[in-house]
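Report on the following structure.
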Amino acid sequence: MTVTSTGQTTADHLAHKLRAVLAGEVAFDDYSRHLFARDASMYSITPLGVVYPRHAEDVAAAVKIAAELGVPVTPRGAGTSLAGQTVGAGIVLDFSRHMHRIVSIDPEARTALVEVGVVQDQLNQAAAAHELMFGPDTSTSNRATIGGMIGNNSAGSGSLTFGMTIDHVRALDVVLSDGSRARLEPVDESERVRRAAAPTLEGRIYRELPDLVVAHEKAIDAGMPAFWRRACGYRLDRLVDFGPSNPFDLAKFVVGAEGTLVVVTHALVDLVPKPEHTVYAVGHFETTHAAISATEDALRCDPNQVELMDRTILDLSRKKIEYANLGSILVGDPEALLFVSFSGDDEAALVAKLDLLDEVWRRAGHGYHTLRAVTPADQAALLKVRKSSLGLLMAAGEGTRRPLAFVEDTAVDPVHLAEYTRRFKDILDAHGLEAGFYGHCSVGCLHIRPFVDLTKPDEVVKMRTVAEAIKDLVREYGGVNSSEHGDGLARSEFNREIFGEELYHAMCEVKLLFDPANVMNPGKIVNAPSMTENLRDRDSLPPARPIRTMLQFEVVGGMRGAADRCMNIGLCRKSTAGVMCPSYIATRQEEHSTRGRANALVKALSEEDPHAALGNERLHEVLDLCLMCKACKSECPMSVDMASLKAETLSHHHEIHGVPLRSRLFGAIRRLNRLGSATAPLSNVPGRSRLLRKLIDRTVGIAEARPLPTFHRRNLVRWFRRHRAATPAGLGTVRWLADSFTTYTEPHIGQAAIELLERAGWQVELLSAGCCGRSSLSKGLLDDAKAKATALVTALAAQDSPIVGCEPSCLFTLRDEHVALLPDNPAVREVASRVRQVEEMLTEAIDAGRLRLRADSWLAGRRVVYHGHCHQKAEVGTAATMALLRRIPGVEVVEIDAGCCGMAGSFGFESEHYDVSMTVGRDRLFPTLEAEPEDTVVAATGVSCRQQIFHGVGRNAWHPVELVREALEA
């Protein structure tokens, strides 16, 4: 490897060699390097480049080249490590993009062979078909990879029952530090001797490691922390008793090694029977200390887990639509909750355990109420918040003052937990630090994250002082400094003191044996830098440069602060539930996650000229596949609003490069639709002409394969002028927002809604003169959007009547983007406060008897599946729509969790985005609908959703108001 006089390695030679031999992609551009400079920790180290290996051969080749050139290698799964394990200065190997195959599941042996990029929930879904699951249950199971869990020796809430990852690993296929490959598994003495005879690195390890263990046996016995739940150091204790009756097991030995000894490519892991039932008791407590004090009595009832959540998390959950349901089922205003679960196949026996726990707690005076959650429906809101505790806590930070992971992974025997936690809090109080408390009381592990501002030198000193004090405290109680999140950059520095000189020296010998050239994720576990080096906010971010923005970002730090709210916990990489992030699900590329885009924007907005940086074409590539679905606004615990950030970025890109014709056309969609309606049926000819579709594809960039909407000459405005309204019942006037789509391409939906409102007693006034500006916003035409917003707000501010509509993307623009576009217009928030969903008003009318639905409509006995619009989910949720559908007599209503449809307004029409749009739809939505019987009725509130459903699966989707109109009494 060539090195310049300044010590900077030359990456070009490395990148060239990698590209010459790898099947996977190699990315050495500045943006890719920046995106992989961070994980979910407080650290940041920019790598030389990123490799996306396609298979084990790629991994071996990359490690071999890196070893030859003396370049460090850092393996990475989802990048959710909390101690800085997955950031490094050399090559980052991203296993999550390609290496995510479940090779096989053996139900008889209860094992699974997987590539290490497989996500835990992905494995559990496949194993569930055999009534099996992977035992360790992390809160990040919807994005944590098996490789990452092996690297950290992850555990989770169920570790009291299922132990840690180390307890479930049978064999590992690995790449050693010289690029050679090996299979690690339990071997008897004769097999070990056979392997030790090989003149290879693997042979040397089998020869020398047993002698190393014997030489330091007493130090291993004395220096390893006594408490069982540990994820720190090298697990030499697992090799101490090897011999004729105890195999030599390197597979388990390298679990928790954080990629510092080997790179794992495949894992053979144990599966455990999946319990048929799990029931919960949720104790309500007036103090956090009281909740922790109830743990020991809970453990006497033989639970599966005991989890704590304090008021900090509860209050944060109440602010998020995604988690709001929790507040409605709690009793009173608890300072803390204790979740106690019991799992098994006999539900009656589990309920009996709830009875026992209730009796034990009442006798001991623990808590003031115990909530029971027996069915999955009862548990949904509880578990959603519990698994999101970390993200919710991270959202409590403001600016650069964040809850940081540097003392959040200690564990002590639960018998000491109440006293230990009290003294822990005393240390925080003495240094003026506040923190949220949550975690695994059943195994003595609480995740306590003090709020610290790393941009302030005195705060960094304080953080280190507290870390040292907690380290000493945990040793006093015989606990461990890291119980599931590993050492990384946050705790490795203290390992010499924790393990003692001899045992630490033995660990250094282990590192040297496996990795003589020190290329395997150096600086973790042994020979680590200070915990205060490589800090994200202090070391990697220059002061933000001023930049003019059209949208108002109401956070500390403006636009960069809005992007830098991302703390990299990776929830946007989930793929089995919710909406966020559709394009990541389609591509599995980090840059197409909300996290990746946010980090890319942080880089651009940290440049000397941020305006020019926002015009960078590589940044444009990173943001291009954002569908602007707004799911991140509600599902991201930090509410990183990528839709607004992209709109603002596009506006700067246009200032520098000009506005493309297609963007102008889509920005003027209302005018185009009105023109299409006025010239129908002639305007519908292009949609039926293959030749014209090809021409439009080539000249404008509208995908030939995508059906065009049908324009109606008798549009909603013309219909409204001629229709005879029902006599109003004196309820007053509502203003109907005649959006650009249902007005001209689906007027029957607007007609149905207006007729229902009138029958319910309202006088309807049609507002059809203006556009909300939603389409202009999506194309970054913010001046145009601002002008449209101003005109519409002016028109709406003249009266105080409710504003109602049926297209969520348009209706909720009044409540969200208009406020950001026109922050100084006093009428904006007043208008926003009057916006109501038509579903709310119709439900109220049905409940009041003003609308009567008949029980003998053709819908009676039918199943209705409802797909919610992304903007609706982000702004208010889907409760109002579901409530309306459930008012229809005789129907079974099911809301499907099928993510984003993939259409996203103009996105699905654009030629270069068509394939991604369809891939998103095929992920969950299309298969879900294809599995439904032909007589199932499909409902969707969004025009884009209805278009995509018809195109993707050939089924008509009804707007809910149409279904209510169908059931209305004559």
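Here, A, B, ... name the chains of the structure tokens in the order displayed, residue numbers run from 1 inside each chain, and ligands are numbered from 1 in the same displayed order.
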| request: Show which residues sit within 12 Å of region 658-666 of chain A, as a VMD selection string. Count only C-alpha atoms, and ignore same-chain residues fewer than 4 positions away. | output: chain A and resid 615 650 to 654 670 to 673 696 to 703 740 773 to 782 784 to 785 905 to 907 909 to 911
Could you write those residues out with C-alpha atoms, as a PDB file, in the first residue's frame?
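Output below, filename selection03.pdb:
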```
ATOM      1  CA  GLY A 615     -26.631  20.844  -5.777  1.00  0.00           C
ATOM      2  CA  LEU A 650     -34.398  19.974  -4.601  1.00  0.00           C
ATOM      3  CA  SER A 651     -35.133  23.686  -4.557  1.00  0.00           C
ATOM      4  CA  HIS A 652     -31.399  24.429  -4.169  1.00  0.00           C
ATOM      5  CA  HIS A 653     -30.576  21.876  -6.863  1.00  0.00           C
ATOM      6  CA  HIS A 654     -32.977  23.653  -9.232  1.00  0.00           C
ATOM      7  CA  ARG A 670     -53.889  20.783 -11.300  1.00  0.00           C
ATOM      8  CA  ARG A 671     -53.703  22.842 -14.450  1.00  0.00           C
ATOM      9  CA  LEU A 672     -52.922  19.745 -16.508  1.00  0.00           C
ATOM     10  CA  ASN A 673     -55.762  17.744 -14.978  1.00  0.00           C
ATOM     11  CA  ILE A 696     -43.954  10.374 -23.915  1.00  0.00           C
ATOM     12  CA  ASP A 697     -41.532   7.985 -22.207  1.00  0.00           C
ATOM     13  CA  ARG A 698     -38.623   9.120 -24.369  1.00  0.00           C
ATOM     14  CA  THR A 699     -39.350  12.840 -24.370  1.00  0.00           C
ATOM     15  CA  VAL A 700     -40.838  13.516 -20.943  1.00  0.00           C
ATOM     16  CA  GLY A 701     -39.749  10.493 -18.906  1.00  0.00           C
ATOM     17  CA  ILE A 702     -43.184   9.129 -17.977  1.00  0.00           C
ATOM     18  CA  ALA A 703     -42.980   5.336 -17.914  1.00  0.00           C
ATOM     19  CA  SER A 740     -56.516  18.016  -8.180  1.00  0.00           C
ATOM     20  CA  GLY A 773     -49.141  23.071  -3.719  1.00  0.00           C
ATOM     21  CA  ARG A 774     -48.452  19.457  -2.770  1.00  0.00           C
ATOM     22  CA  SER A 775     -47.224  18.531  -6.253  1.00  0.00           C
ATOM     23  CA  SER A 776     -44.954  21.594  -6.420  1.00  0.00           C
ATOM     24  CA  LEU A 777     -43.505  20.708  -3.030  1.00  0.00           C
ATOM     25  CA  SER A 778     -42.704  17.179  -4.129  1.00  0.00           C
ATOM     26  CA  LYS A 779     -40.702  18.558  -7.039  1.00  0.00           C
ATOM     27  CA  GLY A 780     -38.841  21.175  -4.997  1.00  0.00           C
ATOM     28  CA  LEU A 781     -40.683  24.082  -6.643  1.00  0.00           C
ATOM     29  CA  LEU A 782     -40.993  25.896  -3.349  1.00  0.00           C
ATOM     30  CA  ASP A 784     -44.549  28.005  -6.681  1.00  0.00           C
ATOM     31  CA  ALA A 785     -45.743  25.995  -3.688  1.00  0.00           C
ATOM     32  CA  GLY A 905     -47.728  10.479  -6.565  1.00  0.00           C
ATOM     33  CA  SER A 906     -45.518  11.246  -9.526  1.00  0.00           C
ATOM     34  CA  PHE A 907     -42.703   8.899  -8.401  1.00  0.00           C
ATOM     35  CA  PHE A 909     -44.962   7.534 -13.179  1.00  0.00           C
ATOM     36  CA  GLU A 910     -41.298   8.447 -13.707  1.00  0.00           C
ATOM     37  CA  SER A 911     -39.451   6.161 -16.095  1.00  0.00           C
TER      38      SER A 911
END
```
- Task: Would you kindly return, as a list in words, each protein, DNA or RNA residue with an atom no farther than 7 Å from any atom of region 392-394 of chain A, considering only C-alpha atoms and excluding same-chain residues fewer than 2 positions away?
- Result: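 The neighbour list is Ile313, Leu316, Ser317, Ser388, Ser389, Leu390, Ala396, Gly397, Arg402, Pro403, Gly436, Pro637 and Met638 of chain A.
In the backbone-derived DSSP annotation, alpha helix (DSSP H) within region 373-408 of chain A comprises Pro376, Ala377, Asp378, Gln379, Ala380, Ala381, Leu382, Leu383, Lys384, Val385, Arg386, Lys387, Ser389, Leu390, Gly391, Leu392, Leu393 and Met394 of chain A.
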File of the preceding selection, C-alpha atoms, as a PDB file, in the first residue's frame:
```pdb
ATOM      1  CA  PRO A 376     -52.002 -10.273  20.968  1.00  0.00           C
ATOM      2  CA  ALA A 377     -54.496  -7.443  20.414  1.00  0.00           C
ATOM      3  CA  ASP A 378     -54.214  -6.452  24.088  1.00  0.00           C
ATOM      4  CA  GLN A 379     -50.427  -6.514  23.849  1.00  0.00           C
ATOM      5  CA  ALA A 380     -49.845  -4.662  20.575  1.00  0.00           C
ATOM      6  CA  ALA A 381     -49.580  -1.108  21.906  1.00  0.00           C
ATOM      7  CA  LEU A 382     -47.569  -2.199  24.944  1.00  0.00           C
ATOM      8  CA  LEU A 383     -44.979  -4.126  22.984  1.00  0.00           C
ATOM      9  CA  LYS A 384     -44.661  -1.513  20.263  1.00  0.00           C
ATOM     10  CA  VAL A 385     -43.572   1.086  22.794  1.00  0.00           C
ATOM     11  CA  ARG A 386     -41.398  -1.313  24.809  1.00  0.00           C
ATOM     12  CA  LYS A 387     -39.396  -2.359  21.748  1.00  0.00           C
ATOM     13  CA  SER A 389     -37.736   2.556  24.063  1.00  0.00           C
ATOM     14  CA  LEU A 390     -34.260   3.336  22.752  1.00  0.00           C
ATOM     15  CA  GLY A 391     -35.541   5.333  19.812  1.00  0.00           C
ATOM     16  CA  LEU A 392     -38.024   7.226  21.925  1.00  0.00           C
ATOM     17  CA  LEU A 393     -35.330   8.119  24.426  1.00  0.00           C
ATOM     18  CA  MET A 394     -33.041   9.325  21.645  1.00  0.00           C
TER      19      MET A 394
END
```
- [ ] Extract, using only C-alpha atoms, all DNA, RNA and protein residues at most 12 Å from His130 (chain A), discarding same-chain residues fewer than 5 positions from it, and format them as a list in words.
- [x] Ile105, Asp106, Pro107, Glu108, Ala109, Arg110, Thr111, Ala112, Leu123, Asn124, Gln125, Leu271, Val272, Pro273, Lys274 and Pro275 of chain A
For N, CA and C atoms, I'd like the residues from the last selection saved as a tab-separated table (two decimals), in the first residue's frame.
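What follows is the written file result.tsv:
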```tsv
chain	number	residue	atom	x	y	z
A	105	ILE	N	-33.28	-24.55	6.77
A	105	ILE	CA	-33.79	-24.74	8.13
A	105	ILE	C	-34.05	-26.24	8.29
A	106	ASP	N	-33.51	-26.80	9.35
A	106	ASP	CA	-33.71	-28.22	9.65
A	106	ASP	C	-34.61	-28.33	10.87
A	107	PRO	N	-35.91	-28.56	10.67
A	107	PRO	CA	-36.84	-28.59	11.80
A	107	PRO	C	-36.55	-29.72	12.78
A	108	GLU	N	-36.03	-30.83	12.28
A	108	GLU	CA	-35.74	-31.96	13.16
A	108	GLU	C	-34.58	-31.64	14.09
A	109	ALA	N	-33.52	-31.11	13.50
A	109	ALA	CA	-32.34	-30.76	14.31
A	109	ALA	C	-32.52	-29.43	15.02
A	110	ARG	N	-33.57	-28.69	14.64
A	110	ARG	CA	-33.82	-27.36	15.19
A	110	ARG	C	-32.62	-26.43	14.96
A	111	THR	N	-32.21	-26.35	13.71
A	111	THR	CA	-31.09	-25.48	13.35
A	111	THR	C	-31.44	-24.71	12.08
A	112	ALA	N	-30.71	-23.62	11.89
A	112	ALA	CA	-30.82	-22.84	10.66
A	112	ALA	C	-29.41	-22.49	10.20
A	123	LEU	N	-35.41	-14.34	9.92
A	123	LEU	CA	-35.20	-15.73	10.33
A	123	LEU	C	-36.39	-16.24	11.13
A	124	ASN	N	-36.90	-15.42	12.03
A	124	ASN	CA	-38.02	-15.86	12.85
A	124	ASN	C	-39.28	-16.11	12.03
A	125	GLN	N	-39.50	-15.31	11.00
A	125	GLN	CA	-40.66	-15.53	10.14
A	125	GLN	C	-40.55	-16.87	9.42
A	271	LEU	N	-32.28	-23.26	16.88
A	271	LEU	CA	-33.61	-22.68	17.01
A	271	LEU	C	-34.29	-23.32	18.22
A	272	VAL	N	-35.22	-22.61	18.79
A	272	VAL	CA	-35.94	-23.12	19.97
A	272	VAL	C	-37.43	-23.16	19.65
A	273	PRO	N	-38.17	-24.02	20.34
A	273	PRO	CA	-39.62	-24.06	20.11
A	273	PRO	C	-40.25	-22.69	20.40
A	274	LYS	N	-41.13	-22.29	19.52
A	274	LYS	CA	-41.82	-21.01	19.71
A	274	LYS	C	-43.03	-21.23	20.59
A	275	PRO	N	-43.10	-20.56	21.75
A	275	PRO	CA	-44.26	-20.76	22.62
A	275	PRO	C	-45.56	-20.36	21.91
```
Among A:Cys445, A:Ala970, A:Leu503, A:Ala15, Val480 (chain A) is approached most closely, using only C-alpha atoms, by A:Cys445
With only C-alpha atoms as the basis for distance, which of A:Val526, A:Cys772, A:Met918, A:Ile754 is at the shortest distance from Ser583 (chain A)?
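Of the candidates, the smallest distance to Ser583 (chain A) is held by A:Met918.
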Across A:Thr843, A:Gln120, A:Thr936, A:Thr742, the smallest distance to Arg674 (chain A), with only C-alpha atoms counted, is shown by A:Thr742
What does the distance from CA of Asn142 (chain A) to CA of Ala577 (chain A) come to in Å, to one decimal?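 Between CA of Asn142 (chain A) and CA of Ala577 (chain A) the gap is 8.2 Å.
Of the listed residues A:Val50, A:Ser154, A:Tyr234, A:Ser32, the one whose atoms come nearest to Val622 (chain A) is A:Ser32, with distances taken using only C-alpha atoms.
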Write out as an mmCIF file with N, CA and C atoms, in the first residue's frame each polymer residue whose atoms come within 10 Å of Pro225 (chain A), counting only C-alpha atoms; drop sequence neighbours fewer than 2 positions from it.
```
data_model
loop_
_atom_site.group_PDB
_atom_site.id
_atom_site.type_symbol
_atom_site.label_atom_id
_atom_site.label_comp_id
_atom_site.auth_asym_id
_atom_site.auth_seq_id
_atom_site.Cartn_x
_atom_site.Cartn_y
_atom_site.Cartn_z
ATOM 1 N N ILE A 220 -7.747 -16.447 34.105
ATOM 2 C CA ILE A 220 -9.080 -16.504 33.486
ATOM 3 C C ILE A 220 -10.136 -16.730 34.559
ATOM 4 N N ASP A 221 -9.846 -17.673 35.442
ATOM 5 C CA ASP A 221 -10.799 -17.998 36.503
ATOM 6 C C ASP A 221 -11.005 -16.815 37.443
ATOM 7 N N ALA A 222 -9.934 -16.090 37.741
ATOM 8 C CA ALA A 222 -10.027 -14.985 38.704
ATOM 9 C C ALA A 222 -10.503 -13.690 38.071
ATOM 10 N N GLY A 223 -10.188 -13.495 36.787
ATOM 11 C CA GLY A 223 -10.437 -12.189 36.179
ATOM 12 C C GLY A 223 -11.758 -12.029 35.476
ATOM 13 N N PHE A 227 -20.736 -12.443 37.039
ATOM 14 C CA PHE A 227 -22.118 -12.461 36.562
ATOM 15 C C PHE A 227 -22.172 -13.045 35.148
ATOM 16 N N TRP A 228 -23.158 -13.909 34.901
ATOM 17 C CA TRP A 228 -23.202 -14.697 33.673
ATOM 18 C C TRP A 228 -23.498 -13.904 32.413
ATOM 19 N N ARG A 229 -24.215 -12.811 32.547
ATOM 20 C CA ARG A 229 -24.703 -12.119 31.339
ATOM 21 C C ARG A 229 -23.666 -11.077 30.920
ATOM 22 N N ARG A 230 -22.694 -11.515 30.125
ATOM 23 C CA ARG A 230 -21.612 -10.604 29.779
ATOM 24 C C ARG A 230 -21.297 -10.639 28.289
ATOM 25 N N CYS A 232 -18.283 -8.921 26.951
ATOM 26 C CA CYS A 232 -17.071 -8.116 27.061
ATOM 27 C C CYS A 232 -15.847 -9.018 27.009
ATOM 28 N N ARG A 475 -18.220 -3.065 39.395
ATOM 29 C CA ARG A 475 -17.263 -4.049 39.917
ATOM 30 C C ARG A 475 -17.532 -4.344 41.382
ATOM 31 N N GLY A 478 -19.977 -7.005 41.685
ATOM 32 C CA GLY A 478 -19.690 -8.243 40.971
ATOM 33 C C GLY A 478 -20.376 -8.341 39.631
ATOM 34 N N GLY A 479 -20.688 -7.194 39.043
ATOM 35 C CA GLY A 479 -21.392 -7.182 37.769
ATOM 36 C C GLY A 479 -20.454 -7.065 36.581
ATOM 37 N N VAL A 480 -21.028 -6.707 35.439
ATOM 38 C CA VAL A 480 -20.249 -6.574 34.206
ATOM 39 C C VAL A 480 -20.457 -5.195 33.611
ATOM 40 N N ASN A 481 -19.412 -4.692 32.986
ATOM 41 C CA ASN A 481 -19.472 -3.363 32.398
ATOM 42 C C ASN A 481 -20.238 -3.358 31.084
ATOM 43 N N ILE A 498 -10.514 -3.835 34.195
ATOM 44 C CA ILE A 498 -11.622 -4.738 34.542
ATOM 45 C C ILE A 498 -11.145 -6.183 34.672
ATOM 46 N N PHE A 499 -10.312 -6.639 33.722
ATOM 47 C CA PHE A 499 -9.912 -8.042 33.702
ATOM 48 C C PHE A 499 -8.620 -8.315 34.472
#
```
Among the residues of region 22-182 of chain A, find those DSSP assigns to strand (DSSP E) from the backbone and print them as JSON, numbers by chain. {"A": [25, 26, 27, 49, 50, 51, 52, 73, 74, 75, 76, 91, 92, 93, 94, 102, 103, 104, 105, 106, 111, 112, 113, 114, 115, 132, 133, 169, 170, 171, 172, 173, 174, 175, 181, 182]}
Export of the given selection (C-alpha atoms) as a PDB file, in the first residue's frame:
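Now in out_37.pdb:
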```
ATOM      1  CA  GLU A  25     -19.958  -3.347  -5.392  1.00  0.00           C
ATOM      2  CA  VAL A  26     -17.067  -1.195  -4.188  1.00  0.00           C
ATOM      3  CA  ALA A  27     -17.788   2.398  -3.131  1.00  0.00           C
ATOM      4  CA  GLY A  49     -14.260   2.794   1.384  1.00  0.00           C
ATOM      5  CA  VAL A  50     -17.164   0.382   1.520  1.00  0.00           C
ATOM      6  CA  VAL A  51     -17.519  -3.104   0.060  1.00  0.00           C
ATOM      7  CA  TYR A  52     -20.850  -4.859  -0.470  1.00  0.00           C
ATOM      8  CA  VAL A  73     -11.383  -4.343   7.854  1.00  0.00           C
ATOM      9  CA  THR A  74     -14.596  -3.640   9.774  1.00  0.00           C
ATOM     10  CA  PRO A  75     -17.550  -6.026   9.292  1.00  0.00           C
ATOM     11  CA  ARG A  76     -20.995  -4.468   9.580  1.00  0.00           C
ATOM     12  CA  ILE A  91     -12.711  -0.999   4.616  1.00  0.00           C
ATOM     13  CA  VAL A  92     -16.248  -1.485   5.869  1.00  0.00           C
ATOM     14  CA  LEU A  93     -17.865  -4.739   4.727  1.00  0.00           C
ATOM     15  CA  ASP A  94     -21.635  -4.232   4.539  1.00  0.00           C
ATOM     16  CA  ILE A 102     -31.511 -18.306   4.736  1.00  0.00           C
ATOM     17  CA  VAL A 103     -29.679 -21.299   3.274  1.00  0.00           C
ATOM     18  CA  SER A 104     -31.676 -23.962   5.080  1.00  0.00           C
ATOM     19  CA  ILE A 105     -33.790 -24.745   8.127  1.00  0.00           C
ATOM     20  CA  ASP A 106     -33.709 -28.218   9.647  1.00  0.00           C
ATOM     21  CA  THR A 111     -31.093 -25.480  13.349  1.00  0.00           C
ATOM     22  CA  ALA A 112     -30.817 -22.841  10.655  1.00  0.00           C
ATOM     23  CA  LEU A 113     -27.911 -22.170   8.305  1.00  0.00           C
ATOM     24  CA  VAL A 114     -27.871 -18.496   7.344  1.00  0.00           C
ATOM     25  CA  GLU A 115     -25.711 -15.873   5.741  1.00  0.00           C
ATOM     26  CA  LEU A 132     -39.498 -22.484  15.938  1.00  0.00           C
ATOM     27  CA  MET A 133     -37.629 -19.224  16.515  1.00  0.00           C
ATOM     28  CA  VAL A 169     -24.243 -20.810  17.874  1.00  0.00           C
ATOM     29  CA  ARG A 170     -23.256 -24.288  16.631  1.00  0.00           C
ATOM     30  CA  ALA A 171     -20.787 -23.578  13.844  1.00  0.00           C
ATOM     31  CA  LEU A 172     -19.422 -20.635  11.893  1.00  0.00           C
ATOM     32  CA  ASP A 173     -17.886 -20.248   8.454  1.00  0.00           C
ATOM     33  CA  VAL A 174     -15.288 -17.520   8.786  1.00  0.00           C
ATOM     34  CA  VAL A 175     -12.560 -15.652   6.982  1.00  0.00           C
ATOM     35  CA  ARG A 181     -11.349 -19.528   5.109  1.00  0.00           C
ATOM     36  CA  ALA A 182     -12.166 -21.875   7.968  1.00  0.00           C
TER      37      ALA A 182
END
```
**Message:** Give me the residues near His16 (chain A) as a ChimeraX atom specification, where near means some atom within 12 Å (using only C-alpha atoms) and where sequence neighbours in that chain fewer than 3 positions away do not count.
**Reply:** /A:10-13,19-22,25-28,49,62,65
Exercise for the section: May I have the residues within 6 Å of region 336-345 of chain A as a count of residues only, using only C-alpha atoms and disregarding those fewer than 6 positions away in the same chain? Expected result: 21
Shell of 10 Å around Gln948 (chain A), only C-alpha atoms, local chain residues under 4 positions omitted, as a list in words: Arg706, Pro707, Cys901, Gly902, Met903, Ala904, Gly905, Gly908, Ser917, Met918, Gly921, Leu925, Phe926, Gly942, Val943, Ser944, Gly952, Val953, Gly954, Arg955, Asn956 and Ala957 of chain A
Using only C-alpha atoms, please write the residues we just selected to a file, as a tab-separated table (two decimals), in the first residue's frame.
```
chain	number	residue	atom	x	y	z
A	706	ARG	CA	-47.59	2.92	-16.25
A	707	PRO	CA	-51.29	3.44	-17.04
A	901	CYS	CA	-47.75	1.03	-2.16
A	902	GLY	CA	-44.70	2.38	-4.02
A	903	MET	CA	-46.59	4.84	-6.21
A	904	ALA	CA	-46.06	8.03	-4.20
A	905	GLY	CA	-47.73	10.48	-6.56
A	908	GLY	CA	-44.32	5.79	-9.85
A	917	SER	CA	-42.05	1.63	-7.52
A	918	MET	CA	-43.22	-1.83	-8.53
A	921	GLY	CA	-45.47	-2.76	-4.20
A	925	LEU	CA	-48.86	-5.00	-0.68
A	926	PHE	CA	-49.30	-7.03	-3.86
A	942	GLY	CA	-55.11	7.61	-1.59
A	943	VAL	CA	-55.45	8.12	-5.34
A	944	SER	CA	-51.88	6.86	-5.84
A	952	GLY	CA	-50.14	-4.24	-9.71
A	953	VAL	CA	-52.86	-6.80	-8.99
A	954	GLY	CA	-55.73	-5.87	-11.29
A	955	ARG	CA	-58.18	-5.12	-8.46
A	956	ASN	CA	-60.31	-2.03	-8.08
A	957	ALA	CA	-59.82	-0.27	-4.79
```
| said: Taking only C-alpha atoms into account, name the residue in A:Val240, A:Ala56, A:Ala215, A:Leu695 that is nearest to Val264 (chain A). | reply: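 Of A:Val240, A:Ala56, A:Ala215, A:Leu695, the one nearest Val264 (chain A) is A:Ala56, counting only C-alpha atoms.
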